[in-house]
Structure formats: C-alpha cells, structure tokens
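Student: Supplied structure: work.csv, CSV, C-alpha atoms.
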```csv
chain,number,residue,atom,x,y,z
A,265,SER,CA,-17.8,-27.0,39.5
A,266,GLU,CA,-15.0,-28.9,41.1
A,267,LEU,CA,-13.8,-30.1,37.7
A,268,LEU,CA,-13.5,-26.6,36.3
A,269,ALA,CA,-11.7,-25.4,39.4
A,270,GLU,CA,-9.1,-28.2,39.1
A,271,ILE,CA,-8.6,-27.4,35.4
A,272,ASP,CA,-8.4,-23.7,36.0
A,273,ASP,CA,-5.7,-24.2,38.6
A,274,ILE,CA,-3.4,-25.6,35.9
A,275,PRO,CA,-0.8,-22.9,35.2
A,276,GLY,CA,-0.6,-21.3,31.7
A,277,PRO,CA,-2.9,-19.6,29.3
A,278,SER,CA,-6.3,-21.2,28.8
A,279,SER,CA,-5.8,-20.9,25.0
A,280,ALA,CA,-2.8,-23.3,25.1
A,281,PRO,CA,-3.2,-27.0,24.8
A,282,LEU,CA,-2.5,-28.9,28.1
A,283,THR,CA,0.5,-31.2,28.3
A,284,PHE,CA,0.6,-34.7,29.8
A,285,ASP,CA,2.6,-33.4,32.8
A,286,ALA,CA,0.0,-30.6,33.4
A,287,VAL,CA,-2.9,-33.1,33.8
A,288,ALA,CA,-1.0,-35.9,35.5
A,289,ASP,CA,-2.2,-35.0,39.0
A,290,CYS,CA,-5.7,-34.0,38.0
A,291,THR,CA,-7.5,-36.5,40.2
A,292,TYR,CA,-11.0,-35.1,39.8
A,293,LEU,CA,-10.6,-35.0,36.0
A,294,GLN,CA,-9.6,-38.7,36.1
A,295,ALA,CA,-12.6,-39.5,38.3
A,296,VAL,CA,-15.0,-37.7,35.8
A,297,LEU,CA,-13.5,-39.8,33.0
A,298,SER,CA,-13.8,-43.1,34.9
A,299,GLU,CA,-17.4,-42.3,35.8
A,300,SER,CA,-18.1,-41.4,32.2
A,301,GLN,CA,-16.6,-44.7,31.1
A,302,ARG,CA,-18.6,-46.6,33.8
A,303,LEU,CA,-21.9,-45.3,32.5
A,304,HIS,CA,-20.9,-45.0,28.8
A,305,PRO,CA,-18.2,-47.5,28.0
A,306,SER,CA,-16.7,-47.3,24.6
A,307,VAL,CA,-17.2,-51.1,24.2
A,308,PRO,CA,-20.6,-51.8,25.6
A,309,PHE,CA,-20.3,-55.6,25.5
A,310,SER,CA,-17.4,-58.0,25.2
A,311,PRO,CA,-17.7,-61.5,23.7
A,312,LYS,CA,-15.2,-64.1,24.7
A,313,SER,CA,-14.6,-67.6,23.1
A,314,ALA,CA,-13.5,-70.6,25.1
A,315,LEU,CA,-10.4,-72.3,23.6
A,316,LYS,CA,-11.0,-75.4,25.6
A,317,ALA,CA,-13.7,-76.8,27.9
A,318,ASP,CA,-13.8,-75.3,31.3
A,319,VAL,CA,-15.9,-74.9,34.4
A,320,LEU,CA,-16.7,-71.4,35.7
A,321,PRO,CA,-17.8,-70.6,39.2
A,322,THR,CA,-21.2,-68.9,39.4
A,323,ALA,CA,-23.0,-66.8,42.0
A,324,ASN,CA,-25.9,-69.3,42.2
A,325,PRO,CA,-27.2,-69.7,45.7
A,326,ASP,CA,-27.1,-73.4,45.4
A,327,GLY,CA,-23.4,-73.4,44.5
A,328,ARG,CA,-23.8,-74.8,40.9
A,329,LYS,CA,-20.9,-74.2,38.6
A,330,LEU,CA,-21.2,-73.4,34.9
A,331,ALA,CA,-19.7,-75.8,32.3
A,332,VAL,CA,-18.4,-74.1,29.2
A,333,GLU,CA,-17.7,-76.2,26.0
A,334,ALA,CA,-14.7,-75.6,23.8
A,335,GLY,CA,-15.6,-73.0,21.1
A,336,ALA,CA,-18.5,-71.6,23.1
A,337,THR,CA,-18.9,-67.8,23.1
A,338,MET,CA,-20.0,-65.9,26.1
A,339,SER,CA,-20.4,-62.2,26.6
A,340,PHE,CA,-20.4,-59.7,29.4
A,341,SER,CA,-21.9,-56.3,29.2
A,342,ASN,CA,-19.8,-53.3,30.4
A,343,TYR,CA,-22.9,-51.2,29.8
A,344,ILE,CA,-25.1,-53.2,32.1
A,345,MET,CA,-22.4,-53.8,34.7
A,346,GLY,CA,-21.8,-50.1,34.9
A,347,ARG,CA,-25.4,-49.6,35.9
A,348,SER,CA,-25.7,-52.6,38.2
A,349,THR,CA,-26.8,-51.7,41.8
A,350,LYS,CA,-25.3,-55.1,42.9
A,351,ILE,CA,-21.9,-53.8,41.7
A,352,TRP,CA,-22.1,-50.1,42.3
A,353,GLY,CA,-24.7,-49.7,45.0
A,354,PRO,CA,-28.2,-48.0,45.0
A,355,ASP,CA,-26.9,-44.9,43.3
A,356,ALA,CA,-25.5,-46.8,40.3
A,357,ALA,CA,-27.6,-44.8,37.8
A,358,GLU,CA,-26.2,-41.5,39.1
A,359,PHE,CA,-23.2,-39.7,37.6
A,360,LYS,CA,-21.0,-39.4,40.7
A,361,PRO,CA,-17.3,-38.9,40.1
A,362,GLU,CA,-16.7,-38.9,43.9
A,363,ARG,CA,-17.1,-42.7,43.9
A,364,TRP,CA,-13.6,-42.8,42.4
A,365,LEU,CA,-11.9,-40.6,45.1
A,366,SER,CA,-10.5,-41.6,48.4
A,367,ALA,CA,-12.6,-40.8,51.5
A,368,ASP,CA,-10.8,-37.6,52.0
A,369,GLY,CA,-11.3,-36.7,48.4
A,370,GLY,CA,-7.6,-36.2,47.8
A,371,SER,CA,-6.6,-39.1,45.6
A,372,TYR,CA,-8.0,-41.2,42.8
A,373,VAL,CA,-8.9,-44.8,43.6
A,374,LYS,CA,-8.9,-47.4,40.8
A,375,ALA,CA,-11.8,-49.9,40.8
A,376,ASP,CA,-11.1,-53.6,40.6
A,377,GLN,CA,-10.5,-54.5,36.9
A,378,PHE,CA,-13.2,-57.2,37.1
A,379,LYS,CA,-15.7,-54.7,38.6
A,380,PHE,CA,-14.8,-52.0,36.0
A,381,PRO,CA,-13.6,-53.8,32.8
A,382,ALA,CA,-13.7,-50.8,30.5
A,383,PHE,CA,-10.1,-51.7,29.5
A,384,ASN,CA,-10.7,-55.5,29.9
A,385,ALA,CA,-9.1,-57.3,32.9
A,386,GLY,CA,-6.5,-59.7,34.1
A,387,ARG,CA,-4.1,-61.0,31.5
A,388,ARG,CA,-6.1,-59.3,28.8
A,389,LEU,CA,-5.8,-55.8,30.4
A,390,CYS,CA,-5.3,-53.2,27.7
A,391,LEU,CA,-1.6,-52.3,27.4
A,392,GLY,CA,-2.6,-48.8,26.3
A,393,MET,CA,-5.0,-48.0,29.2
A,394,ASP,CA,-2.7,-45.5,31.0
A,395,MET,CA,-1.9,-43.8,27.7
A,396,ALA,CA,-5.6,-43.6,26.8
A,397,ASN,CA,-6.5,-42.2,30.2
A,398,LEU,CA,-3.7,-39.6,29.8
A,399,GLU,CA,-4.8,-38.6,26.3
A,400,MET,CA,-8.5,-38.3,27.5
A,401,LYS,CA,-7.4,-36.0,30.3
A,402,VAL,CA,-5.4,-33.8,28.0
A,403,VAL,CA,-8.2,-33.5,25.4
A,404,LEU,CA,-11.0,-33.0,27.9
A,405,GLY,CA,-9.0,-30.6,30.0
A,406,THR,CA,-7.9,-28.5,27.0
A,407,LEU,CA,-11.5,-28.3,25.7
A,408,LEU,CA,-13.0,-27.4,29.1
A,409,ARG,CA,-10.4,-24.7,29.7
A,410,ARG,CA,-11.5,-22.9,26.5
A,411,PHE,CA,-15.2,-23.8,25.9
A,412,THR,CA,-18.6,-24.4,27.6
A,413,PHE,CA,-20.9,-27.1,26.3
A,414,GLU,CA,-24.6,-27.2,26.6
A,415,LEU,CA,-26.9,-29.9,25.4
A,416,VAL,CA,-29.4,-28.7,22.8
A,417,PRO,CA,-32.8,-29.4,24.4
A,418,GLY,CA,-35.5,-31.7,23.1
A,419,GLN,CA,-33.1,-34.4,21.7
A,420,ASP,CA,-33.7,-38.1,21.8
A,421,VAL,CA,-30.4,-39.0,23.5
A,422,ARG,CA,-29.9,-42.8,23.7
A,423,PRO,CA,-27.3,-45.3,22.7
A,424,ALA,CA,-27.4,-47.3,19.5
A,425,THR,CA,-26.6,-51.0,19.5
A,426,ALA,CA,-23.2,-51.4,17.9
A,427,LEU,CA,-19.7,-52.8,18.6
A,428,THR,CA,-18.6,-49.5,20.0
A,429,LEU,CA,-21.0,-47.2,21.9
A,430,GLN,CA,-22.6,-44.7,19.6
A,431,MET,CA,-25.5,-42.4,20.0
A,432,LYS,CA,-28.6,-43.4,17.9
A,433,HIS,CA,-29.3,-39.8,16.7
A,434,GLY,CA,-26.0,-38.1,17.5
A,435,VAL,CA,-25.7,-35.5,20.2
A,436,LYS,CA,-26.1,-31.8,19.4
A,437,LEU,CA,-24.4,-29.2,21.6
A,438,PHE,CA,-24.1,-25.5,21.9
A,439,VAL,CA,-20.4,-24.6,22.2
A,440,ALA,CA,-19.2,-21.2,23.4
A,441,GLU,CA,-15.9,-19.8,24.4
A,442,ARG,CA,-15.4,-19.5,28.1
A,443,LYS,CA,-15.1,-16.0,29.5
```
Turn this file's structure into structure tokens for me.
Tutor:
Amino acid sequence: SELLAEIDDIPGPSSAPLTFDAVADCTYLQAVLSESQRLHPSVPFSPKSALKADVLPTANPDGRKLAVEAGATMSFSNYIMGRSTKIWGPDAAEFKPERWLSADGGSYVKADQFKFPAFNAGRRLCLGMDMANLEMKVVLGTLLRRFTFELVPGQDVRPATALTLQMKHGVKLFVAERK
C-alpha cells in the first residue's frame, strides 16, 4: 500500500521507534490519520453553551436566522458531519485518504476547520493539534513498520454512545510481526 511504502522509505531499522523529524514529511500518513479522524472522531459530538443571546445564520432556503437564548446549549456532531455527503461529497462514507492530498498527490491539504472540526475551530482551535498529529504519526508509523494488523472476522464493530468515541464491543485484531 501507499502508506506502507511511505513508512518503509524512512531510513533506519524498522525495529526502532520513529522520531518526530522522521515522520514530519509523511504526507500520506497524515492523510490517513485525517481521514480516520473524519470518519471516527475522538469526540463524536460537541456541545456549546451561549453566554449571551445571539442570532445565528442558517442554511434555510427562506433565509430565516436562528435566535439563541443566553444559556442555551447547542451541539454539532463531528461524527455525522464526517459522513455528510453535503460536506464531503457522494463518497463521504468511503475511507479515502487521497481527499486530503493535492491534485498531484504530493502535498497534504488541510480542510477548513469548520468543515473538519476534529480539533474544534476558530478561536477555540485546539492548541495541541499539531503536537497531537505529530504524536499520532510517530505512533502509527512505528507500529506499522513492525507489525501487521488484521481484524478478527465476525465481530460486531460499531461505536458506543459516549463523550469520546469508543467501540461498543471493543475491536479484536490479529497482530503479527512484519517480515
């Protein structure tokens, strides 16, 4: 796969943990992680409370706006947004890391924060986003250099309703050392 080819091109023994510098330019690895977060966000919904009354614009065809009272709580769902064909197109349900790459496939392209709010957006954007992405690249890259992973067949793999995304029955994998 393209992901394994990119990881295997990183110099050094496959048994050694990767460094931040080693994965910094792994664009396909970042695309895989972003696509994973799009479909399986760590925080599946995000409630927000209004500190004061406000009026929000809406996408209603008649142009109506939405009045929000002080203290009202509203939520948006990263989980649903990540699967929305209105946001991501007709292939929204597909795992497609290429959607995060430039047309020539050479560079990673960030999505608009409000389209992809996995780390929140605007003034509330997570300060640790870049560090978290770098840590995920190091961990996933290190694991994929050393091991193969295969889903145990016959599992009921579906999410559980919780503050953070969890699997209802866990996920069982066969793990083997790569040859």
Student: Figure out the distance between CA of Ile274 (chain A) and CA of Arg410 (chain A), please, to one decimal in Å.
Tutor: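 Between CA of Arg410 (chain A) and CA of Ile274 (chain A) the gap works out to 12.7 Å.
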Student: Around (-5.2, -25.8, 30.6), as given in the file, which residues come within 8 Å? Count all atoms listed in the file and list them as a ChimeraX atom specification.
Tutor: /A:271-272,274-282,286,405-406,409
Student: Generate a file of the selected residues that holds C-alpha atoms, formatted as a PDB file, in the coordinates of the input.
Tutor:
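Final file, result-v8.pdb:
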```
ATOM      1  CA  ILE A 271      -8.600 -27.400  35.400  1.00  0.00           C
ATOM      2  CA  ASP A 272      -8.400 -23.700  36.000  1.00  0.00           C
ATOM      3  CA  ILE A 274      -3.400 -25.600  35.900  1.00  0.00           C
ATOM      4  CA  PRO A 275      -0.800 -22.900  35.200  1.00  0.00           C
ATOM      5  CA  GLY A 276      -0.600 -21.300  31.700  1.00  0.00           C
ATOM      6  CA  PRO A 277      -2.900 -19.600  29.300  1.00  0.00           C
ATOM      7  CA  SER A 278      -6.300 -21.200  28.800  1.00  0.00           C
ATOM      8  CA  SER A 279      -5.800 -20.900  25.000  1.00  0.00           C
ATOM      9  CA  ALA A 280      -2.800 -23.300  25.100  1.00  0.00           C
ATOM     10  CA  PRO A 281      -3.200 -27.000  24.800  1.00  0.00           C
ATOM     11  CA  LEU A 282      -2.500 -28.900  28.100  1.00  0.00           C
ATOM     12  CA  ALA A 286       0.000 -30.600  33.400  1.00  0.00           C
ATOM     13  CA  GLY A 405      -9.000 -30.600  30.000  1.00  0.00           C
ATOM     14  CA  THR A 406      -7.900 -28.500  27.000  1.00  0.00           C
ATOM     15  CA  ARG A 409     -10.400 -24.700  29.700  1.00  0.00           C
TER      16      ARG A 409
END
```
Student: Just the residues within 9 Å of region 358-373 of chain A, please, counting all atoms listed in the file, with nothing from its chain fewer than 6 positions along; format it as a list in words.
Tutor: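 So, after excluding close chain neighbours, the residues are Asp289, Cys290, Thr291, Tyr292, Leu293, Gln294, Ala295, Val296, Leu297, Ser298, Glu299, Ser300, Leu303 and Arg347 of chain A.
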Student: Determine, counting only C-alpha atoms, which protein, DNA and RNA residues have an atom within 12 Å of an atom of Ala385 (chain A); residues of the same chain fewer than 5 positions away are not included. Present the result as a list in words.
Tutor: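 Close residues of Ala385 (chain A): Ser310, Asn342, Ala375, Asp376, Gln377, Phe378, Lys379, Phe380, Cys390, Leu391 and Met393 of chain A.
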Student: Contacts of region 428-432 of chain A at 8 Å or less, counting only C-alpha atoms, minus same-chain residues fewer than 5 places along, as a list in words?
Tutor: His304, Pro305, Ser306, Val307, Pro308, Val421, Arg422 and Pro423 of chain A
Student: Kindly indicate which residue among A:Lys374, A:Lys316, A:Arg442, A:Arg302 lies nearest to Ala356 (chain A), using only C-alpha atoms for the distances.
Tutor: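 Using only C-alpha atoms, the shortest distance to Ala356 (chain A) belongs to A:Arg302.
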Student: With only C-alpha atoms as the atoms that count, which of A:Ile344, A:Val402, A:Val435, A:Ala269 lies nearest to Asp420 (chain A)?
Tutor: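 That would be A:Val435, the residue with the smallest distance to Asp420 (chain A).
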Student: Report as a tab-separated table the residues of region 274-318 of chain A within 12 Å of region 329-335 of chain A, each with its shortest atom pair and distance in Å (one decimal), using all atoms listed in the file, ordered by chain and increasing residue number.
Tutor:
```
residue	atom	partner	partner_atom	distance
A:Pro311	CA	A:Gly335	CA	12.0
A:Lys312	CA	A:Gly335	CA	9.6
A:Ser313	CA	A:Gly335	CA	5.8
A:Ala314	CA	A:Gly335	CA	5.1
A:Leu315	CA	A:Ala334	CA	5.4
A:Lys316	CA	A:Ala334	CA	4.1
A:Ala317	CA	A:Ala334	CA	4.4
A:Asp318	CA	A:Val332	CA	5.2
```
